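Trainee: Please read through the structure below; I'll follow up with questions.
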Amino acid sequence: MEELFELLSIEIPEKAYNDDGFLEILGLSHYENINSRIYAYFLDQNRNPKIARIFLDALLDVVRSKSKKEIVIDTFQVETEVVTKKGNRIDIVINDFENESAVIMENKIYHYLHNDLIDYWDHFSYNNENKIG
């Protein structure tokens with residue numbers, strides 16, 4: 001009985017919060033290509049269509065709330081390091097060939113933007129209303 005009382009009177013420590021995630025532990029959190037591959041993994045309809053759809057819908061909700069622009073993406077393919085006609089590389093592209101719509105993404109982590117975004121935009125001959133950058 002005394003042991004039970006002792007157990008119940010122990011002060012429970014507060015949960016320790018650690019700001020480091022898996023990529024911080026590995027020292028890779030600031031690598032844009034690694035982050036792009038992680039996003040692409042969760043957007044891959046072949047690996048897990050339900051997660052890919054949820055991830056894409058969340059992304060499109062953010063775009064809609066920030067820009068009021070809405071595009072239709074149904075069946076899509078995600079690629080990283082897409083080479084443009086000028087030889088530049090787009091970090092992530094979500095491409096719906098059937099609806100001729102695309103999300104064009106450039107990652108920047110602790111870096112400044114000096115990429116040719118017009119080249120990225122022009123790489124896709126889709127109607128401008130069907131592209132988000």
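Ordering of the structure tokens sets the chain letters (A, B, ...), residue numbers begin anew at 1 in every chain, and ligands are numbered from 1 in the order given.
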Kindly assemble as JSON lines a list of the region 46-85 of chain A residues that lie within 12 Å of region 112-119 of chain A, each paired with its nearest atom pair and their distance in Å to one decimal, using only C-alpha atoms, sorted first by chain and then by ascending residue number.
Mentor:
```
{"residue": "A:Val82", "atom": "CA", "partner": "A:Asp119", "partner_atom": "CA", "distance": 11.7}
{"residue": "A:Val83", "atom": "CA", "partner": "A:Asp119", "partner_atom": "CA", "distance": 10.3}
{"residue": "A:Thr84", "atom": "CA", "partner": "A:Asp119", "partner_atom": "CA", "distance": 7.1}
{"residue": "A:Lys85", "atom": "CA", "partner": "A:Asp119", "partner_atom": "CA", "distance": 7.9}
```
Trainee: Env of region 55-63 of chain A: 7 Å cut, atoms = only C-alpha atoms, seq-sep filter 4 positions within chain, self excluded. Answer as an NGL selection string.
Mentor: :A and (42-43 or 51 or 67 or 69)
Trainee: Could you tell me which of A:Asn95, A:Asn130, A:Ser101, A:Thr80 comes closest to Asn33 (chain A) if we count only C-alpha atoms?
Mentor: A:Thr80
Trainee: To one decimal in Å, tell me the separation between CA of Ile34 (chain A) and CA of Ile109 (chain A).
Mentor: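 About the pair CA of Ile34 (chain A) and CA of Ile109 (chain A): they are 11.1 Å apart.
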Trainee: Out of A:Phe76, A:Tyr41, A:Tyr31, A:Trp121, which residue has the shortest atom-to-atom distance to Asn99 (chain A) when counting only C-alpha atoms?
Mentor: A:Phe76
Trainee: For a quick check of understanding, using only C-alpha atoms, which of A:Glu6, A:His111, A:Tyr120, A:Asp96 has the smallest distance to Gln45 (chain A)?
Mentor: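 Looking at the shortest contact to Gln45 (chain A), the residue is A:Asp96.
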Trainee: Just the number, please: distance in Å from CA of Glu106 (chain A) to CA of Ser29 (chain A), one decimal.
Mentor: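 Separation of CA of Glu106 (chain A) and CA of Ser29 (chain A): 16.0 Å.
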